[in-house]
Amino acid sequence: MQSQPRPSGRTRMRVITNSFAVTRVPTVVLFQYDVISPTLKPDNPRRRSEIIDKMQLTNANIFPRRGMYDGKNIFYTIGYKVENMTLNKSDKTPYIVRLTNTTYIDSNTLNDMVSSNGRAYRQGGDQNQAAINALQLIVRQAANMRHGFPLQAKSFFTKDGAKELGGGLQAWRGYFQSVRPVLGRLLVNVDVTHSAVVKAGPLLDVAMEFCNFRDIRDLAALPTDPNPQRWLKLQRFLKGVLIKPGSQFAKWSKGRPIRALIPNAGGYEFHVNGQPTTVRQYFQQKYNFALRYSTVFGIQIGKDAVFPAEVCTITPGQLYKKKLSEDQTKSFVSLAVQKPHQRLGSIESAVSGDRQLLDYQQSDFLATAGMVISTRPLEVEGHVLTPPQVLFGGRQASPINNGAWNVMGRQFLTPKKIDKLMVLVCVDPSERQAVEYFTKALVGNLTKLGSYAGGAPYFHIANLQNMRKTLEEVHKMQPGFVLVILPASAAIPRRYIKFWSSVISGIPTQCVRKGKYDSGKGLDQYCNNVALKMHAKYGGINSVVYAPIMDKLMGTMIIGCDVSHPAPGVNNRPSFASMVASVDRFASYWTSAIELQKPRQEIIEAIGPMFQTLLNAFVAFPENQGRCPHTVIVYRDGVSEGEYETVAAAEYDQIKRVLQSKEITRNTKVVFIIVTKRHHTRFFPERGAGDRSGNCPPGFVVEDQIVHSAIPDYYLLSHSGIIGTSRPSHYIVLRNDAQMTQQQLQELSFNLCHSYAAATRSVSIPTPVYYADLLCGHADYHFSPDEVANLDDDSSTNTSNQDFNLEQWQTVFKRGRSQKSLYFL
């Protein structure tokens, strides 16, 4: 899409990006092949890469130059073609590789992909995806090979400057690379990234650190410990970790994954030539090696090989994909945070510094392909939008400074006075004085803001060992609002409370944790933030956003959609699909709908019925006088680039079918926008040109130069940076029946980032998207802890989402109350 003239009144701003221009596209033809290896499981990319490497080394006459492999099913050759073939090799593990040529990529393909009219990209389909995949591999493979990471990995990491996280983990800094087609050219996006890494070295040392043991005898006794959780945690931590025994015990070129831990490794019995022996005896007899710690656990490799832990080392550079502890997370974040000029410096050093971490100058793959990448980061020009007004009671506007405003001295726009406030105390009685002090301060703030009915709140002491009984007692008292004072760590009690609020009683609750409510410094601001949430949950309107664009929104319905998925590897829990919609002109009243669907399904299957529910609420809202919206603007979160068209087509079509089913809605126009923060584009202002954190100011927009060649899109940085480098949100306009201009969409999106009820600063994504994300998270509270355990047990044998019993979960979920207020804040 061609850039549009910028309107006057916007401040221009020139910035550096973390994108590097491809100054010469590949000059040779790239040939793509499907790779089929029927005797090898597809979930072992390490072994598949080994086989492809061996195939090329042993057939040098067929492969004069090393090809590129994506670790799965695609192989590319650079500048030469291999005829369809089958290679059969017999060694310890026989394998068959079949190569079938499917397409080729030349310079014409690449030039069409970035053409200004964009038609070639939309029509190219699979051919374009093949081209991008090939370019990604050309750019990434040299660096990934050099640093010991899989050939297809998007990022590699180095141990330089590694930070200890404790518990057997370190934090490593790395670099992400991605090729992107934009208007008129190809760019390589380079960003700093970080990962937790399993500490390399002797396996026993890492296990001792994970368990926080100082005496090896504690490790030996762990399998028989009365508390089995510590042994189970160690097993979960080490399972799948790659290890290598000492070279005198096994001649492995690469590490192999731990399958299980074996207690008392020295005493483990097995048979050799039909005779029983133990691991201790075997190592003594075969290797003349006496185990020092024979009662400590061993590790199982493959089906039956067992090695004592003391002879094994953990191989370096293994990314840790599991959840970090709270302390580890804090340490990790302290490394990951970089100010903008520091981040840009790290990127420039990796691309063009002395160490050449990215290998753009030395890469054989780039040289063979004839591809050249600039070592200077691209500079682009954007502009800064004017912030809207935030109006409180009496239509009093609060000045916005660097994306933030203050509620001090103001009252809520439409106050709803909280009555019969109960304080449910879940902390030690010794905290009573601090709790009362905080409650008094909070009530004072609510009163000043015009949202407290008066009267002293009443306190009720909770029994944390029997929250069900406690909440039954609370229910009988019928409070208007429950303020819950929780310990610093209280996940289970909080789940009971939110389940009771959302499903059983319908009484709104606000939880605060120790460490927050008892902090003297900043207590007044904290009380104001809590008051904002409480008032919104109670049904009041804190403030509204006004700007000239809002005058055009009379009769417009704004929707936020999101889908949240269970944790990786979990197939026995559903995904949640949510929709949140405005029903008034200022997007201050919201209604919502949420449904369950199969795990990891990205398309919102029930979006038609969900939209119908929201549409009915819009028509019923008094301001709309029974009229349907003339425009529906959908902001859709959580969609990856490869799914843009698939998701948009399926969900847009369902919404259109609902609108076309009634005469009064057939003329309603739909605008469908993807919003994502899962990207690596960053903007770096010149020193002194940014905000206090060194970032671009809120409202900074880039709508050309680095945008998509085929799809209208823009980058908007709507929030103020606090620490680190701010990430702009990326808006992709997939359907625009209303023919809104880019400027209108940008201003609307920016304004909607100021209407989040629980904050006094602009947020990073439009409020309806934020609400949809929160609603997905809150949906889990529609199940009590007992119900979740029962449902998990019923489906614990499921191995895939095809076996998942969705109906069981839906039956329990749908009997919950339907909350239309902002309970999820």
# chains A, B, ... in the order shown; residues from 1 in each chain; ligands from 1
>>> select_by_dssp(residues="segment 737-789 of chain A", states="helix (DSSP H, G or I)", output="ChimeraX atom specification")
/A:742-752,767-782,785-789
>>> write_last_selection(atoms="C-alpha atoms", output="PDB file, in the first residue's frame")
ATOM      1  CA  GLN A 742      -4.695   5.285   7.897  1.00  0.00           C
ATOM      2  CA  GLN A 743      -4.680   8.516   9.902  1.00  0.00           C
ATOM      3  CA  GLN A 744      -8.155   7.860  11.304  1.00  0.00           C
ATOM      4  CA  LEU A 745      -7.234   4.326  12.324  1.00  0.00           C
ATOM      5  CA  GLN A 746      -3.995   5.485  13.918  1.00  0.00           C
ATOM      6  CA  GLU A 747      -5.707   8.210  15.928  1.00  0.00           C
ATOM      7  CA  LEU A 748      -8.520   5.905  17.008  1.00  0.00           C
ATOM      8  CA  SER A 749      -6.064   3.218  18.119  1.00  0.00           C
ATOM      9  CA  PHE A 750      -3.959   5.755  20.037  1.00  0.00           C
ATOM     10  CA  ASN A 751      -7.021   7.219  21.755  1.00  0.00           C
ATOM     11  CA  LEU A 752      -8.238   3.774  22.787  1.00  0.00           C
ATOM     12  CA  THR A 767      -8.247  -1.076  25.627  1.00  0.00           C
ATOM     13  CA  PRO A 768     -10.640  -3.613  24.024  1.00  0.00           C
ATOM     14  CA  VAL A 769      -7.672  -5.856  23.188  1.00  0.00           C
ATOM     15  CA  TYR A 770      -6.342  -5.464  26.719  1.00  0.00           C
ATOM     16  CA  TYR A 771      -9.760  -6.333  28.158  1.00  0.00           C
ATOM     17  CA  ALA A 772     -10.121  -9.387  25.904  1.00  0.00           C
ATOM     18  CA  ASP A 773      -6.739 -10.636  27.081  1.00  0.00           C
ATOM     19  CA  LEU A 774      -7.688 -10.116  30.753  1.00  0.00           C
ATOM     20  CA  LEU A 775     -11.030 -11.829  30.210  1.00  0.00           C
ATOM     21  CA  CYS A 776      -9.270 -14.914  28.838  1.00  0.00           C
ATOM     22  CA  GLY A 777      -7.110 -15.005  31.945  1.00  0.00           C
ATOM     23  CA  HIS A 778     -10.100 -14.508  34.233  1.00  0.00           C
ATOM     24  CA  ALA A 779     -12.081 -17.292  32.537  1.00  0.00           C
ATOM     25  CA  ASP A 780      -9.979 -19.860  34.369  1.00  0.00           C
ATOM     26  CA  TYR A 781     -11.662 -18.687  37.578  1.00  0.00           C
ATOM     27  CA  HIS A 782     -14.977 -20.101  36.353  1.00  0.00           C
ATOM     28  CA  PRO A 785      -9.732 -25.769  42.263  1.00  0.00           C
ATOM     29  CA  ASP A 786     -11.599 -29.039  42.874  1.00  0.00           C
ATOM     30  CA  GLU A 787     -13.315 -28.891  39.482  1.00  0.00           C
ATOM     31  CA  VAL A 788     -10.029 -28.273  37.674  1.00  0.00           C
ATOM     32  CA  ALA A 789      -8.463 -31.271  39.423  1.00  0.00           C
TER      33      ALA A 789
END
>>> residues_around(residues="segment 722-735 of chain A", least_positions_apart="4", cutoff="7 Å", atoms="only C-alpha atoms", output="number ranges by chain")
A: 337-340, 648, 671-677, 682, 693, 695, 711-717, 764-765
>>> residues_around(residues="segment 578-587 of chain A", least_positions_apart="4", cutoff="7 Å", atoms="only C-alpha atoms", output="PyMOL selection string")
chain A and resi 544-545+550+553-563+591-595+614+618+621+623+768+771-772+775-776
>>> write_last_selection(atoms="N, CA, C and O atoms", output="mmCIF file, in the first residue's frame")
data_model
loop_
_atom_site.group_PDB
_atom_site.id
_atom_site.type_symbol
_atom_site.label_atom_id
_atom_site.label_comp_id
_atom_site.auth_asym_id
_atom_site.auth_seq_id
_atom_site.Cartn_x
_atom_site.Cartn_y
_atom_site.Cartn_z
ATOM 1 N N VAL A 544 -13.595 9.287 30.526
ATOM 2 C CA VAL A 544 -13.724 8.976 29.109
ATOM 3 C C VAL A 544 -12.661 9.732 28.340
ATOM 4 O O VAL A 544 -12.105 10.723 28.813
ATOM 5 N N VAL A 545 -12.393 9.223 27.159
ATOM 6 C CA VAL A 545 -11.401 9.840 26.279
ATOM 7 C C VAL A 545 -12.128 10.656 25.221
ATOM 8 O O VAL A 545 -13.119 10.194 24.644
ATOM 9 N N MET A 550 -13.377 10.928 17.958
ATOM 10 C CA MET A 550 -14.453 10.282 18.705
ATOM 11 C C MET A 550 -15.830 10.761 18.250
ATOM 12 O O MET A 550 -16.827 10.058 18.436
ATOM 13 N N LEU A 553 -17.569 8.384 16.039
ATOM 14 C CA LEU A 553 -17.834 7.047 16.546
ATOM 15 C C LEU A 553 -19.275 6.837 17.009
ATOM 16 O O LEU A 553 -19.597 5.755 17.497
ATOM 17 N N MET A 554 -20.117 7.838 16.914
ATOM 18 C CA MET A 554 -21.522 7.638 17.247
ATOM 19 C C MET A 554 -22.082 6.525 16.348
ATOM 20 O O MET A 554 -22.003 6.598 15.126
ATOM 21 N N GLY A 555 -22.578 5.469 16.973
ATOM 22 C CA GLY A 555 -23.087 4.345 16.202
ATOM 23 C C GLY A 555 -22.020 3.355 15.770
ATOM 24 O O GLY A 555 -22.266 2.509 14.917
ATOM 25 N N THR A 556 -20.824 3.462 16.371
ATOM 26 C CA THR A 556 -19.747 2.528 16.057
ATOM 27 C C THR A 556 -19.542 1.567 17.224
ATOM 28 O O THR A 556 -19.540 1.971 18.381
ATOM 29 N N MET A 557 -19.369 0.323 16.897
ATOM 30 C CA MET A 557 -19.109 -0.725 17.889
ATOM 31 C C MET A 557 -17.642 -1.148 17.766
ATOM 32 O O MET A 557 -17.180 -1.487 16.682
ATOM 33 N N ILE A 558 -16.904 -1.097 18.871
ATOM 34 C CA ILE A 558 -15.483 -1.450 18.866
ATOM 35 C C ILE A 558 -15.302 -2.744 19.639
ATOM 36 O O ILE A 558 -15.751 -2.859 20.781
ATOM 37 N N ILE A 559 -14.642 -3.694 19.019
ATOM 38 C CA ILE A 559 -14.517 -5.040 19.580
ATOM 39 C C ILE A 559 -13.045 -5.400 19.761
ATOM 40 O O ILE A 559 -12.204 -5.066 18.929
ATOM 41 N N GLY A 560 -12.754 -6.090 20.864
ATOM 42 C CA GLY A 560 -11.447 -6.700 21.072
ATOM 43 C C GLY A 560 -11.612 -8.208 21.157
ATOM 44 O O GLY A 560 -12.536 -8.691 21.814
ATOM 45 N N CYS A 561 -10.756 -8.969 20.480
ATOM 46 C CA CYS A 561 -10.829 -10.444 20.479
ATOM 47 C C CYS A 561 -9.470 -11.022 20.847
ATOM 48 O O CYS A 561 -8.432 -10.482 20.449
ATOM 49 N N ASP A 562 -9.489 -12.131 21.549
ATOM 50 C CA ASP A 562 -8.245 -12.810 21.885
ATOM 51 C C ASP A 562 -8.528 -14.289 22.106
ATOM 52 O O ASP A 562 -9.667 -14.678 22.388
ATOM 53 N N VAL A 563 -7.490 -15.097 21.963
ATOM 54 C CA VAL A 563 -7.548 -16.521 22.296
ATOM 55 C C VAL A 563 -6.332 -16.828 23.162
ATOM 56 O O VAL A 563 -5.204 -16.469 22.803
ATOM 57 N N THR A 591 -19.428 -4.800 27.091
ATOM 58 C CA THR A 591 -20.076 -6.089 27.282
ATOM 59 C C THR A 591 -19.127 -7.160 26.767
ATOM 60 O O THR A 591 -18.176 -6.851 26.039
ATOM 61 N N SER A 592 -19.345 -8.406 27.137
ATOM 62 C CA SER A 592 -18.355 -9.425 26.801
ATOM 63 C C SER A 592 -19.007 -10.776 26.555
ATOM 64 O O SER A 592 -20.151 -11.020 26.945
ATOM 65 N N ALA A 593 -18.254 -11.636 25.892
ATOM 66 C CA ALA A 593 -18.654 -13.034 25.666
ATOM 67 C C ALA A 593 -17.394 -13.867 25.636
ATOM 68 O O ALA A 593 -16.346 -13.410 25.176
ATOM 69 N N ILE A 594 -17.498 -15.081 26.142
ATOM 70 C CA ILE A 594 -16.332 -15.968 26.155
ATOM 71 C C ILE A 594 -16.786 -17.401 25.945
ATOM 72 O O ILE A 594 -17.856 -17.800 26.407
ATOM 73 N N GLU A 595 -15.985 -18.150 25.196
ATOM 74 C CA GLU A 595 -16.293 -19.549 24.914
ATOM 75 C C GLU A 595 -15.026 -20.386 25.054
ATOM 76 O O GLU A 595 -13.901 -19.872 24.964
ATOM 77 N N LEU A 614 -23.059 -9.864 21.575
ATOM 78 C CA LEU A 614 -22.593 -8.484 21.765
ATOM 79 C C LEU A 614 -23.447 -7.501 20.972
ATOM 80 O O LEU A 614 -23.728 -6.388 21.432
ATOM 81 N N PHE A 618 -25.530 -4.196 22.269
ATOM 82 C CA PHE A 618 -25.371 -2.864 21.673
ATOM 83 C C PHE A 618 -26.743 -2.264 21.347
ATOM 84 O O PHE A 618 -27.028 -1.100 21.675
ATOM 85 N N PHE A 621 -28.701 -1.101 24.410
ATOM 86 C CA PHE A 621 -28.172 -0.005 25.230
ATOM 87 C C PHE A 621 -28.978 1.267 24.942
ATOM 88 O O PHE A 621 -29.189 1.629 23.772
ATOM 89 N N GLU A 623 -28.617 4.463 24.821
ATOM 90 C CA GLU A 623 -28.081 5.511 23.944
ATOM 91 C C GLU A 623 -28.330 5.196 22.463
ATOM 92 O O GLU A 623 -28.474 6.099 21.644
ATOM 93 N N PRO A 768 -9.855 -2.391 24.238
ATOM 94 C CA PRO A 768 -10.640 -3.613 24.024
ATOM 95 C C PRO A 768 -9.769 -4.859 23.877
ATOM 96 O O PRO A 768 -10.169 -5.946 24.285
ATOM 97 N N TYR A 771 -8.662 -5.716 27.416
ATOM 98 C CA TYR A 771 -9.760 -6.333 28.158
ATOM 99 C C TYR A 771 -9.991 -7.781 27.707
ATOM 100 O O TYR A 771 -10.256 -8.667 28.532
ATOM 101 N N ALA A 772 -9.910 -8.020 26.401
ATOM 102 C CA ALA A 772 -10.121 -9.387 25.904
ATOM 103 C C ALA A 772 -9.048 -10.326 26.448
ATOM 104 O O ALA A 772 -9.338 -11.477 26.816
ATOM 105 N N LEU A 775 -9.862 -10.960 30.097
ATOM 106 C CA LEU A 775 -11.030 -11.829 30.210
ATOM 107 C C LEU A 775 -10.632 -13.289 29.989
ATOM 108 O O LEU A 775 -11.129 -14.178 30.686
ATOM 109 N N CYS A 776 -9.755 -13.542 29.045
ATOM 110 C CA CYS A 776 -9.270 -14.914 28.838
ATOM 111 C C CYS A 776 -8.595 -15.438 30.104
ATOM 112 O O CYS A 776 -8.803 -16.583 30.511
#
>>> closest_residue(among="A:Val296, A:Ile604, A:Ile373, A:Ala196", to="Thr329 of chain A", atoms="only C-alpha atoms")
A:Ala196
>>> atom_distance(atom1="atom CA of Ala462 of chain A", atom2="atom CA of Cys426 of chain A")
5.1 Å
>>> residues_around(residues="Leu335 of chain A", least_positions_apart="3", cutoff="8 Å", atoms="only C-alpha atoms", output="PDB file with N, CA and C atoms, in the first residue's frame")
ATOM      1  N   LYS A 163      24.463 -14.419  33.262  1.00  0.00           N
ATOM      2  CA  LYS A 163      24.105 -14.053  34.633  1.00  0.00           C
ATOM      3  C   LYS A 163      23.561 -15.289  35.345  1.00  0.00           C
ATOM      4  N   ALA A 171      21.246 -17.001  32.694  1.00  0.00           N
ATOM      5  CA  ALA A 171      20.590 -16.196  31.654  1.00  0.00           C
ATOM      6  C   ALA A 171      21.649 -15.823  30.620  1.00  0.00           C
ATOM      7  N   SER A 331      15.835 -11.913  38.464  1.00  0.00           N
ATOM      8  CA  SER A 331      17.217 -11.861  37.995  1.00  0.00           C
ATOM      9  C   SER A 331      17.280 -11.851  36.469  1.00  0.00           C
ATOM     10  N   PHE A 332      16.395 -12.629  35.845  1.00  0.00           N
ATOM     11  CA  PHE A 332      16.360 -12.698  34.383  1.00  0.00           C
ATOM     12  C   PHE A 332      16.000 -11.341  33.790  1.00  0.00           C
ATOM     13  N   GLN A 338      17.439  -3.438  28.716  1.00  0.00           N
ATOM     14  CA  GLN A 338      18.479  -2.568  28.173  1.00  0.00           C
ATOM     15  C   GLN A 338      17.867  -1.253  27.731  1.00  0.00           C
TER      16      GLN A 338
END
>>> residues_around(residues="segment 98-108 of chain A", least_positions_apart="2", cutoff="8 Å", atoms="only C-alpha atoms", output="ChimeraX atom specification")
/A:25-37,82-87,96,110-112,127,130-131
>>> closest_residue(among="A:Thr414, A:Gln136, A:Gln808, A:Ser720", to="Asn572 of chain A", atoms="only C-alpha atoms")
A:Gln808
>>> select_by_dssp(residues="segment 611-802 of chain A", states="strand (DSSP E)", output="PyMOL selection string")
chain A and resi 631-637+669-676+683-685+700-702+713-717+729-736
>>> closest_atom_pairs(of="segment 129-237 of chain A", to="segment 354-371 of chain A", cutoff="9 Å", atoms="only C-alpha atoms", output="Markdown table")
| residue | atom | partner | partner_atom | distance |
| --- | --- | --- | --- | --- |
| A:Leu137 | CA | A:Phe365 | CA | 8.7 |
| A:Ile138 | CA | A:Phe365 | CA | 5.6 |
| A:Val139 | CA | A:Leu366 | CA | 6.7 |
| A:Arg140 | CA | A:Leu358 | CA | 7.9 |
| A:Gln141 | CA | A:Phe365 | CA | 7.5 |
| A:Ala142 | CA | A:Ser363 | CA | 5.6 |
| A:Ala143 | CA | A:Leu358 | CA | 5.3 |
| A:Asn144 | CA | A:Leu358 | CA | 8.6 |
| A:Arg146 | CA | A:Leu357 | CA | 8.8 |
| A:His147 | CA | A:Leu357 | CA | 8.7 |
| A:Tyr175 | CA | A:Leu358 | CA | 8.3 |
| A:Gln177 | CA | A:Leu358 | CA | 8.9 |
>>> residues_around(residues="Leu615 of chain A", least_positions_apart="4", cutoff="8 Å", atoms="only C-alpha atoms", output="ChimeraX atom specification")
/A:611,619,628
>>> residues_around(residues="Ile497 of chain A", least_positions_apart="5", cutoff="9 Å", atoms="only C-alpha atoms", output="list in words")
Met467, Arg468, Leu471, Val484, Ile492, Ser502, Thr509, Cys511 and Tyr781 of chain A
>>> write_last_selection(atoms="N, CA and C atoms", output="PDB file, in the first residue's frame")
ATOM      1  N   MET A 467     -11.316 -22.171  53.029  1.00  0.00           N
ATOM      2  CA  MET A 467     -11.830 -20.994  52.340  1.00  0.00           C
ATOM      3  C   MET A 467     -13.287 -21.179  51.920  1.00  0.00           C
ATOM      4  N   ARG A 468     -13.691 -22.408  51.673  1.00  0.00           N
ATOM      5  CA  ARG A 468     -15.074 -22.647  51.257  1.00  0.00           C
ATOM      6  C   ARG A 468     -16.036 -22.203  52.357  1.00  0.00           C
ATOM      7  N   LEU A 471     -16.101 -18.345  52.727  1.00  0.00           N
ATOM      8  CA  LEU A 471     -16.874 -17.654  51.699  1.00  0.00           C
ATOM      9  C   LEU A 471     -18.374 -17.890  51.862  1.00  0.00           C
ATOM     10  N   VAL A 484     -10.154  -7.996  49.601  1.00  0.00           N
ATOM     11  CA  VAL A 484      -9.489  -9.177  50.156  1.00  0.00           C
ATOM     12  C   VAL A 484      -8.015  -8.860  50.397  1.00  0.00           C
ATOM     13  N   ILE A 492      -3.983 -20.443  45.723  1.00  0.00           N
ATOM     14  CA  ILE A 492      -5.180 -21.272  45.898  1.00  0.00           C
ATOM     15  C   ILE A 492      -6.318 -20.482  46.549  1.00  0.00           C
ATOM     16  N   SER A 502     -17.140 -14.823  40.715  1.00  0.00           N
ATOM     17  CA  SER A 502     -17.574 -14.881  39.323  1.00  0.00           C
ATOM     18  C   SER A 502     -18.728 -15.846  39.096  1.00  0.00           C
ATOM     19  N   THR A 509     -15.036  -8.431  43.841  1.00  0.00           N
ATOM     20  CA  THR A 509     -13.939  -8.506  44.810  1.00  0.00           C
ATOM     21  C   THR A 509     -12.713  -7.785  44.265  1.00  0.00           C
ATOM     22  N   CYS A 511      -8.553  -8.050  45.220  1.00  0.00           N
ATOM     23  CA  CYS A 511      -7.501  -8.664  46.030  1.00  0.00           C
ATOM     24  C   CYS A 511      -6.278  -7.753  46.068  1.00  0.00           C
ATOM     25  N   TYR A 781     -11.035 -18.744  36.250  1.00  0.00           N
ATOM     26  CA  TYR A 781     -11.662 -18.687  37.578  1.00  0.00           C
ATOM     27  C   TYR A 781     -13.118 -19.145  37.554  1.00  0.00           C
TER      28      TYR A 781
END
>>> atom_distance(atom1="atom CA of Asn542 of chain A", atom2="atom CA of Leu413 of chain A")
5.4 Å
>>> atom_distance(atom1="atom CA of Ser588 of chain A", atom2="atom CA of Thr439 of chain A")
27.7 Å
>>> closest_residue(among="A:Phe813, A:Tyr823, A:Phe683, A:Tyr652", to="Gly382 of chain A", atoms="only C-alpha atoms")
A:Phe683
